[in-house]
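Engineer: Pasting input05.csv here (CSV, N, CA and C atoms and all ligand atoms):
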```csv
chain,number,residue,atom,x,y,z
A,68,MET,N,11.0,189.8,60.9
A,68,MET,CA,9.7,189.2,61.1
A,68,MET,C,9.5,188.0,60.2
A,69,PRO,N,9.0,186.9,60.7
A,69,PRO,CA,8.7,185.7,59.8
A,69,PRO,C,7.7,186.1,58.8
A,70,TYR,N,7.8,185.4,57.6
A,70,TYR,CA,6.8,185.7,56.5
A,70,TYR,C,5.5,184.9,56.8
A,71,THR,N,4.4,185.6,56.7
A,71,THR,CA,3.1,184.9,56.9
A,71,THR,C,2.6,184.4,55.5
A,72,LYS,N,1.5,183.6,55.5
A,72,LYS,CA,1.0,183.1,54.3
A,72,LYS,C,0.6,184.3,53.4
A,73,GLU,N,0.0,185.3,54.0
A,73,GLU,CA,-0.4,186.5,53.3
A,73,GLU,C,0.8,187.2,52.6
A,74,ASP,N,1.9,187.3,53.4
A,74,ASP,CA,3.1,187.9,52.9
A,74,ASP,C,3.5,187.3,51.6
A,75,LEU,N,3.3,186.0,51.5
A,75,LEU,CA,3.8,185.2,50.4
A,75,LEU,C,2.8,185.1,49.2
A,76,ASN,N,1.8,185.9,49.3
A,76,ASN,CA,0.8,185.9,48.2
A,76,ASN,C,1.3,186.7,47.0
A,77,TRP,N,1.9,186.0,46.0
A,77,TRP,CA,2.5,186.6,44.9
A,77,TRP,C,1.5,187.3,43.9
A,78,GLN,N,0.2,186.8,44.1
A,78,GLN,CA,-0.8,187.4,43.2
A,78,GLN,C,-1.3,188.7,43.8
A,79,ASP,N,-1.0,189.1,45.0
A,79,ASP,CA,-1.4,190.3,45.6
A,79,ASP,C,-0.3,191.4,45.5
A,80,LYS,N,-0.5,192.4,44.7
A,80,LYS,CA,0.6,193.4,44.4
A,80,LYS,C,1.0,194.1,45.6
A,81,ASN,N,0.2,194.1,46.7
A,81,ASN,CA,0.5,194.8,47.9
A,81,ASN,C,1.0,193.9,49.0
A,82,SER,N,1.2,192.6,48.7
A,82,SER,CA,1.7,191.7,49.8
A,82,SER,C,3.2,192.1,50.1
A,83,ARG,N,3.6,191.6,51.2
A,83,ARG,CA,5.0,192.0,51.6
A,83,ARG,C,6.0,191.5,50.6
A,84,SER,N,5.8,190.3,50.1
A,84,SER,CA,6.8,189.7,49.1
A,84,SER,C,6.8,190.6,47.8
A,85,SER,N,5.6,191.0,47.4
A,85,SER,CA,5.5,191.8,46.2
A,85,SER,C,6.2,193.1,46.3
A,86,VAL,N,5.9,193.7,47.5
A,86,VAL,CA,6.5,195.1,47.7
A,86,VAL,C,8.0,195.0,47.8
A,87,GLU,N,8.5,194.0,48.5
A,87,GLU,CA,9.9,193.8,48.7
A,87,GLU,C,10.6,193.5,47.3
A,88,MET,N,10.0,192.7,46.5
A,88,MET,CA,10.7,192.3,45.3
A,88,MET,C,10.6,193.3,44.2
A,89,ARG,N,9.6,194.2,44.3
A,89,ARG,CA,9.5,195.3,43.4
A,89,ARG,C,10.6,196.3,43.6
A,90,ASP,N,11.1,196.4,44.8
A,90,ASP,CA,12.1,197.4,45.1
A,90,ASP,C,13.5,196.7,45.3
A,91,THR,N,14.3,196.9,44.2
A,91,THR,CA,15.6,196.1,44.2
A,91,THR,C,16.5,196.5,45.4
A,92,SER,N,16.2,197.6,46.0
A,92,SER,CA,17.1,198.0,47.1
A,92,SER,C,16.5,197.6,48.5
A,93,SER,N,15.4,196.9,48.5
A,93,SER,CA,14.8,196.5,49.8
A,93,SER,C,15.8,195.4,50.4
A,94,ARG,N,16.0,195.6,51.7
A,94,ARG,CA,16.8,194.6,52.4
A,94,ARG,C,16.2,194.3,53.8
A,95,PRO,N,15.2,193.3,53.7
A,95,PRO,CA,14.6,192.9,54.9
A,95,PRO,C,15.6,192.4,56.0
A,96,ALA,N,15.3,192.6,57.2
A,96,ALA,CA,16.2,192.3,58.3
A,96,ALA,C,16.2,190.7,58.5
A,97,VAL,N,17.4,190.3,58.8
A,97,VAL,CA,17.7,188.8,59.1
A,97,VAL,C,17.7,188.7,60.6
A,98,THR,N,17.1,187.6,61.1
A,98,THR,CA,17.2,187.3,62.5
A,98,THR,C,18.4,186.3,62.7
A,99,GLY,N,19.2,186.6,63.7
A,99,GLY,CA,20.3,185.7,63.9
A,99,GLY,C,21.6,186.1,63.1
A,100,LYS,N,22.7,185.6,63.6
A,100,LYS,CA,24.0,186.0,63.0
A,100,LYS,C,24.9,184.8,63.0
A,101,VAL,N,25.7,184.6,62.0
A,101,VAL,CA,26.7,183.6,62.0
A,101,VAL,C,28.0,184.2,62.7
A,102,GLU,N,28.4,183.8,63.8
A,102,GLU,CA,29.4,184.5,64.6
A,102,GLU,C,30.8,184.2,64.0
A,103,ASN,N,30.9,183.0,63.3
A,103,ASN,CA,32.3,182.6,62.9
A,103,ASN,C,32.3,182.4,61.4
A,104,MET,N,31.7,183.3,60.7
A,104,MET,CA,31.7,183.2,59.2
A,104,MET,C,33.1,183.1,58.6
A,105,GLY,N,34.1,183.7,59.3
A,105,GLY,CA,35.5,183.7,58.9
A,105,GLY,C,36.0,182.3,58.8
A,106,ASP,N,35.4,181.3,59.5
A,106,ASP,CA,36.0,180.0,59.5
A,106,ASP,C,35.6,179.2,58.2
A,107,TYR,N,34.7,179.8,57.4
A,107,TYR,CA,34.2,179.0,56.3
A,107,TYR,C,34.7,179.5,55.0
A,108,ASP,N,35.2,178.6,54.1
A,108,ASP,CA,35.6,178.9,52.8
A,108,ASP,C,34.5,178.7,51.7
A,109,VAL,N,33.7,177.7,52.0
A,109,VAL,CA,32.6,177.3,51.1
A,109,VAL,C,31.3,177.4,51.9
A,110,ILE,N,30.3,178.0,51.2
A,110,ILE,CA,29.0,178.2,51.9
A,110,ILE,C,27.9,177.8,51.0
A,111,PHE,N,27.0,176.9,51.5
A,111,PHE,CA,25.9,176.5,50.7
A,111,PHE,C,24.7,177.4,51.2
A,112,LEU,N,24.2,178.2,50.2
A,112,LEU,CA,23.2,179.2,50.5
A,112,LEU,C,21.8,178.8,49.8
A,113,GLY,N,20.8,178.6,50.7
A,113,GLY,CA,19.6,178.1,50.1
A,113,GLY,C,18.4,179.1,50.3
A,114,PHE,N,17.5,179.0,49.4
A,114,PHE,CA,16.4,180.0,49.4
A,114,PHE,C,15.3,179.5,48.4
A,115,PRO,N,14.1,180.0,48.6
A,115,PRO,CA,13.0,179.7,47.6
A,115,PRO,C,13.2,180.7,46.4
A,116,ILE,N,13.0,180.3,45.2
A,116,ILE,CA,13.0,181.2,44.1
A,116,ILE,C,11.8,182.1,44.1
A,117,TRP,N,12.0,183.4,44.1
A,117,TRP,CA,11.0,184.4,44.0
A,117,TRP,C,11.2,185.3,42.7
A,118,TRP,N,10.2,185.2,41.9
A,118,TRP,CA,10.3,186.0,40.6
A,118,TRP,C,11.7,185.8,39.9
A,119,TYR,N,12.1,184.6,39.9
A,119,TYR,CA,13.3,184.2,39.1
A,119,TYR,C,14.6,184.6,39.7
A,120,VAL,N,14.5,185.1,41.0
A,120,VAL,CA,15.8,185.4,41.7
A,120,VAL,C,15.6,185.0,43.2
A,121,ALA,N,16.7,185.3,44.0
A,121,ALA,CA,16.6,185.0,45.4
A,121,ALA,C,15.8,186.1,46.1
A,122,PRO,N,15.1,185.8,47.1
A,122,PRO,CA,14.4,186.8,47.9
A,122,PRO,C,15.4,187.9,48.4
A,123,HIS,N,15.0,189.1,48.5
A,123,HIS,CA,16.0,190.1,48.9
A,123,HIS,C,16.6,190.0,50.3
A,124,ILE,N,15.9,189.2,51.1
A,124,ILE,CA,16.5,188.9,52.4
A,124,ILE,C,17.8,188.1,52.3
A,125,THR,N,17.9,187.4,51.2
A,125,THR,CA,19.2,186.7,50.9
A,125,THR,C,20.3,187.7,50.7
A,126,ASN,N,20.0,188.8,50.0
A,126,ASN,CA,21.0,189.9,49.8
A,126,ASN,C,21.4,190.5,51.2
A,127,SER,N,20.3,190.7,52.0
A,127,SER,CA,20.6,191.2,53.4
A,127,SER,C,21.6,190.3,54.1
A,128,PHE,N,21.3,189.0,54.0
A,128,PHE,CA,22.2,188.1,54.7
A,128,PHE,C,23.7,188.2,54.2
A,129,LEU,N,23.9,188.2,52.9
A,129,LEU,CA,25.2,188.2,52.4
A,129,LEU,C,25.9,189.5,52.8
A,130,GLU,N,25.2,190.6,52.8
A,130,GLU,CA,25.8,191.9,53.0
A,130,GLU,C,26.2,192.2,54.5
A,131,GLU,N,25.8,191.3,55.3
A,131,GLU,CA,26.3,191.4,56.7
A,131,GLU,C,27.7,190.9,56.9
A,132,TYR,N,28.3,190.2,55.9
A,132,TYR,CA,29.6,189.6,56.2
A,132,TYR,C,30.5,190.0,55.1
A,133,ASP,N,31.8,189.7,55.4
A,133,ASP,CA,32.9,189.9,54.3
A,133,ASP,C,33.0,188.5,53.7
A,134,MET,N,32.4,188.4,52.5
A,134,MET,CA,32.4,187.1,51.8
A,134,MET,C,33.5,187.0,50.8
A,135,SER,N,34.4,187.9,50.7
A,135,SER,CA,35.4,187.9,49.6
A,135,SER,C,36.3,186.7,49.8
A,136,GLY,N,36.6,186.0,48.6
A,136,GLY,CA,37.4,184.8,48.6
A,136,GLY,C,36.7,183.6,48.9
A,137,LYS,N,35.4,183.7,49.3
A,137,LYS,CA,34.6,182.5,49.6
A,137,LYS,C,33.9,182.0,48.3
A,138,LYS,N,33.6,180.7,48.3
A,138,LYS,CA,32.8,180.1,47.3
A,138,LYS,C,31.4,179.9,47.8
A,139,ILE,N,30.4,180.4,47.1
A,139,ILE,CA,29.0,180.4,47.6
A,139,ILE,C,28.2,179.5,46.6
A,140,ILE,N,27.7,178.4,47.0
A,140,ILE,CA,27.0,177.5,46.2
A,140,ILE,C,25.5,177.6,46.5
A,141,LEU,N,24.8,177.9,45.4
A,141,LEU,CA,23.3,178.1,45.7
A,141,LEU,C,22.5,176.8,45.5
A,142,PHE,N,21.6,176.7,46.4
A,142,PHE,CA,20.5,175.7,46.2
A,142,PHE,C,19.2,176.3,46.5
A,143,ALA,N,18.2,175.8,45.9
A,143,ALA,CA,16.9,176.5,46.0
A,143,ALA,C,15.7,175.5,45.8
A,144,THR,N,14.5,175.9,46.3
A,144,THR,CA,13.3,175.3,45.9
A,144,THR,C,12.6,176.3,44.9
A,145,SER,N,11.7,175.7,44.2
A,145,SER,CA,10.9,176.6,43.2
A,145,SER,C,9.6,175.9,42.9
A,146,GLY,N,8.8,176.7,42.2
A,146,GLY,CA,7.5,176.1,41.7
A,146,GLY,C,7.7,175.4,40.4
A,147,GLY,N,9.0,175.3,40.0
A,147,GLY,CA,9.2,174.6,38.7
A,147,GLY,C,10.3,175.3,37.9
A,148,SER,N,10.6,176.6,38.1
A,148,SER,CA,11.6,177.3,37.3
A,148,SER,C,13.0,177.0,37.9
A,149,GLY,N,14.0,177.4,37.1
A,149,GLY,CA,15.3,177.2,37.5
A,149,GLY,C,15.8,178.4,38.3
A,150,PHE,N,17.2,178.6,38.3
A,150,PHE,CA,17.7,179.7,39.1
A,150,PHE,C,17.5,181.1,38.5
A,151,GLY,N,17.1,181.1,37.2
A,151,GLY,CA,16.8,182.4,36.6
A,151,GLY,C,18.0,183.3,36.7
A,152,LYS,N,17.8,184.5,37.3
A,152,LYS,CA,18.9,185.5,37.4
A,152,LYS,C,19.5,185.5,38.8
A,153,SER,N,19.4,184.4,39.6
A,153,SER,CA,19.8,184.4,41.0
A,153,SER,C,21.2,184.8,41.2
A,154,VAL,N,22.1,184.3,40.4
A,154,VAL,CA,23.5,184.6,40.6
A,154,VAL,C,23.8,186.1,40.4
A,155,ALA,N,23.2,186.6,39.3
A,155,ALA,CA,23.4,188.1,39.0
A,155,ALA,C,22.8,188.9,40.2
A,156,GLY,N,21.7,188.5,40.7
A,156,GLY,CA,21.0,189.2,41.7
A,156,GLY,C,21.8,189.2,43.1
A,157,LEU,N,22.6,188.2,43.3
A,157,LEU,CA,23.3,188.1,44.5
A,157,LEU,C,24.8,188.6,44.5
A,158,GLN,N,25.4,188.6,43.3
A,158,GLN,CA,26.8,188.9,43.2
A,158,GLN,C,27.2,190.2,43.8
A,159,ASP,N,26.5,191.3,43.6
A,159,ASP,CA,26.8,192.6,44.1
A,159,ASP,C,26.8,192.6,45.6
A,160,SER,N,26.1,191.7,46.2
A,160,SER,CA,26.0,191.7,47.7
A,160,SER,C,27.1,190.9,48.3
A,161,CYS,N,28.0,190.3,47.5
A,161,CYS,CA,29.2,189.6,48.1
A,161,CYS,C,30.4,189.8,47.2
A,162,PRO,N,30.9,191.1,47.1
A,162,PRO,CA,32.0,191.3,46.3
A,162,PRO,C,33.2,190.4,46.6
A,163,GLY,N,33.8,189.9,45.5
A,163,GLY,CA,35.0,189.1,45.7
A,163,GLY,C,34.7,187.6,46.0
A,164,ALA,N,33.5,187.3,46.1
A,164,ALA,CA,33.1,185.9,46.3
A,164,ALA,C,32.7,185.3,45.0
A,165,THR,N,32.9,184.0,44.9
A,165,THR,CA,32.4,183.3,43.7
A,165,THR,C,31.1,182.6,43.9
A,166,VAL,N,30.1,183.1,43.2
A,166,VAL,CA,28.7,182.6,43.4
A,166,VAL,C,28.4,181.6,42.3
A,167,MET,N,28.0,180.4,42.6
A,167,MET,CA,27.8,179.4,41.6
A,167,MET,C,26.4,178.8,41.8
A,168,GLU,N,25.7,178.5,40.6
A,168,GLU,CA,24.4,177.8,40.7
A,168,GLU,C,24.8,176.4,41.1
A,169,GLY,N,24.1,175.9,42.2
A,169,GLY,CA,24.2,174.5,42.6
A,169,GLY,C,23.1,173.7,42.1
A,170,LYS,N,22.1,173.5,42.9
A,170,LYS,CA,21.0,172.6,42.4
A,170,LYS,C,19.6,173.1,42.9
A,171,ILE,N,18.6,172.9,42.1
A,171,ILE,CA,17.2,173.1,42.5
A,171,ILE,C,16.8,171.8,43.2
A,172,LEU,N,16.4,171.9,44.4
A,172,LEU,CA,16.1,170.7,45.2
A,172,LEU,C,14.7,170.5,45.5
A,173,ASN,N,13.9,170.5,44.5
A,173,ASN,CA,12.4,170.2,44.6
A,173,ASN,C,12.2,168.8,44.9
A,174,GLY,N,11.1,168.5,45.6
A,174,GLY,CA,10.6,167.1,45.7
A,174,GLY,C,11.3,166.3,46.8
A,175,SER,N,11.8,166.9,47.9
A,175,SER,CA,12.4,166.2,49.0
A,175,SER,C,13.4,165.1,48.6
A,176,PRO,N,14.5,165.5,48.0
A,176,PRO,CA,15.6,164.6,47.6
A,176,PRO,C,16.1,163.8,48.9
A,177,SER,N,16.5,162.6,48.7
A,177,SER,CA,17.0,161.8,49.8
A,177,SER,C,18.4,162.3,50.3
A,178,ILE,N,18.8,161.9,51.5
A,178,ILE,CA,20.1,162.2,52.0
A,178,ILE,C,21.2,161.7,51.0
A,179,ASP,N,21.0,160.5,50.5
A,179,ASP,CA,21.9,159.9,49.6
A,179,ASP,C,22.1,160.7,48.3
A,180,ALA,N,21.0,161.2,47.8
A,180,ALA,CA,21.0,162.0,46.6
A,180,ALA,C,21.8,163.3,46.9
A,181,LEU,N,21.5,163.9,48.1
A,181,LEU,CA,22.2,165.1,48.4
A,181,LEU,C,23.7,164.9,48.6
A,182,LYS,N,24.1,163.7,49.2
A,182,LYS,CA,25.5,163.4,49.4
A,182,LYS,C,26.2,163.2,48.0
A,183,GLU,N,25.5,162.6,47.2
A,183,GLU,CA,26.0,162.3,45.8
A,183,GLU,C,26.3,163.6,45.1
A,184,TRP,N,25.4,164.6,45.3
A,184,TRP,CA,25.5,165.9,44.6
A,184,TRP,C,26.7,166.6,45.2
A,185,VAL,N,26.8,166.7,46.5
A,185,VAL,CA,27.9,167.4,47.2
A,185,VAL,C,29.2,166.8,46.8
A,186,ASP,N,29.3,165.4,46.8
A,186,ASP,CA,30.5,164.8,46.5
A,186,ASP,C,31.0,165.0,45.1
A,187,SER,N,30.0,165.3,44.2
A,187,SER,CA,30.3,165.5,42.8
A,187,SER,C,30.9,166.9,42.5
A,188,LEU,N,30.8,167.8,43.5
A,188,LEU,CA,31.3,169.2,43.3
A,188,LEU,C,32.8,169.2,43.5
A,189,THR,N,33.4,170.0,42.7
A,189,THR,CA,34.9,170.3,42.8
A,189,THR,C,35.0,171.6,43.7
A,190,LEU,N,35.3,171.4,44.9
A,190,LEU,CA,35.3,172.6,45.8
A,190,LEU,C,36.7,173.1,46.1
B,1,LIG,C1,6.7,185.9,46.0
B,1,LIG,C2,6.9,184.6,45.3
B,1,LIG,C3,7.4,184.5,44.1
B,1,LIG,C4,7.7,183.3,43.5
B,1,LIG,N1,8.3,183.2,42.2
B,1,LIG,C5,8.6,182.0,41.7
B,1,LIG,C6,9.3,181.9,40.4
B,1,LIG,O1,9.7,182.9,39.8
B,1,LIG,N2,9.5,180.7,39.9
B,1,LIG,C7,9.1,179.5,40.5
B,1,LIG,O2,9.3,178.5,40.0
B,1,LIG,N3,8.5,179.6,41.7
B,1,LIG,C8,8.2,180.8,42.3
B,1,LIG,N4,7.6,180.8,43.5
B,1,LIG,C9,7.3,179.6,44.2
B,1,LIG,C10,8.3,179.3,45.3
B,1,LIG,O3,9.6,179.2,44.8
B,1,LIG,C11,8.0,178.0,46.1
B,1,LIG,O4,6.7,178.2,46.6
B,1,LIG,C12,8.9,177.7,47.2
B,1,LIG,O5,10.2,177.4,46.6
B,1,LIG,C13,8.5,176.5,48.0
B,1,LIG,O6,9.3,176.4,49.1
B,1,LIG,P1,8.8,175.6,50.4
B,1,LIG,O7,8.7,174.2,49.9
B,1,LIG,O8,10.0,175.8,51.3
B,1,LIG,O9,7.5,176.1,50.8
B,1,LIG,C14,7.3,182.1,44.1
B,1,LIG,C15,6.8,182.2,45.4
B,1,LIG,C16,6.5,183.4,46.0
B,1,LIG,C17,6.0,183.4,47.4
```
Would you write the structure of this file as structure tokens?
Structural biologist:
Amino acid sequence: MPYTKEDLNWQDKNSRSSVEMRDTSSRPAVTGKVENMGDYDVIFLGFPIWWYVAPHITNSFLEEYDMSGKKIILFATSGGSGFGKSVAGLQDSCPGATVMEGKILNGSPSIDALKEWVDSLTL
């Protein structure tokens, strides 16, 4: 189910996001599936930072696939913080994959800036 504005109220201890993030084992369902994940060696995985980690639905996504041997590059938006413990929070959901902090992409970066960033990566 898509998240509503109320779901995203981090100040409400009973909102959906608060309940999900309090329970480290929560795995909200993902809509849709990547049918050809096996074709990819490098995956750019984007999410909003929630409580200094990735939302648990990001763990749900990773756990649906065999990610071993793949490189997973994180990008995120945030209210100002960095990746926090995002890598640690995701690693157990993709055993055998290399999870790397990529870039916080706040403030609508231009296509050129994104290209420059991707080109600078050693993949
Ligand atoms: C439940 C929740 C927790 C959040 N925790 C953090 C946080 O720890 N650090 C931070 O900088 N921003 C935090 N934010 C702000 C979001 O990261 C920010 O609103 C989001 O990246 C904006 O994405 P959008 O531009 O796609 O709406 C939180 C937001 C929510 C809803």
Engineer: List all protein, DNA and RNA residues that have any atom at most 5 Å from ligand LIG 1 (chain B), counting all atoms listed in the file, and write the list as an MDAnalysis selection string.
Structural biologist: chainID A and resid 75 77 84 115:119 144:148
Engineer: For stretch 160-172 of chain A, work out the shell of residues within 8 Å, counting all atoms listed in the file and skipping chain neighbours fewer than 6 positions away, then give it as number ranges by chain.
Structural biologist: A: 125-145, 148-150, 153-154
Engineer: Apply DSSP to the backbone of this structure and, from chain A, keep only the residues in strand (DSSP E); write these as a count of residues only.
Structural biologist: 21
Engineer: Give the helix (DSSP H, G or I) residues of chain A, as DSSP finds them on the backbone, and put them as a ChimeraX atom specification.
Structural biologist: /A:83-89,104-106,123-130,153-158,178-187
Engineer: Work out how far apart atom C of A:Leu188 and atom CA of A:Leu112 are and give it in Å to one decimal.
Structural biologist: 15.5 Å
Engineer: Using Å and a single decimal, report how far atom N of A:Lys152 sits from atom N of A:Val120.
Structural biologist: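 Atom N of A:Lys152 lies 5.0 Å from atom N of A:Val120.
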Engineer: Which is closest to A:His123 among A:Glu73, A:Asp159, A:Asp108, A:Glu87, if we use only C-alpha atoms?
Structural biologist: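 Looking only at the distances to A:His123, the closest residue turns out to be A:Glu87.
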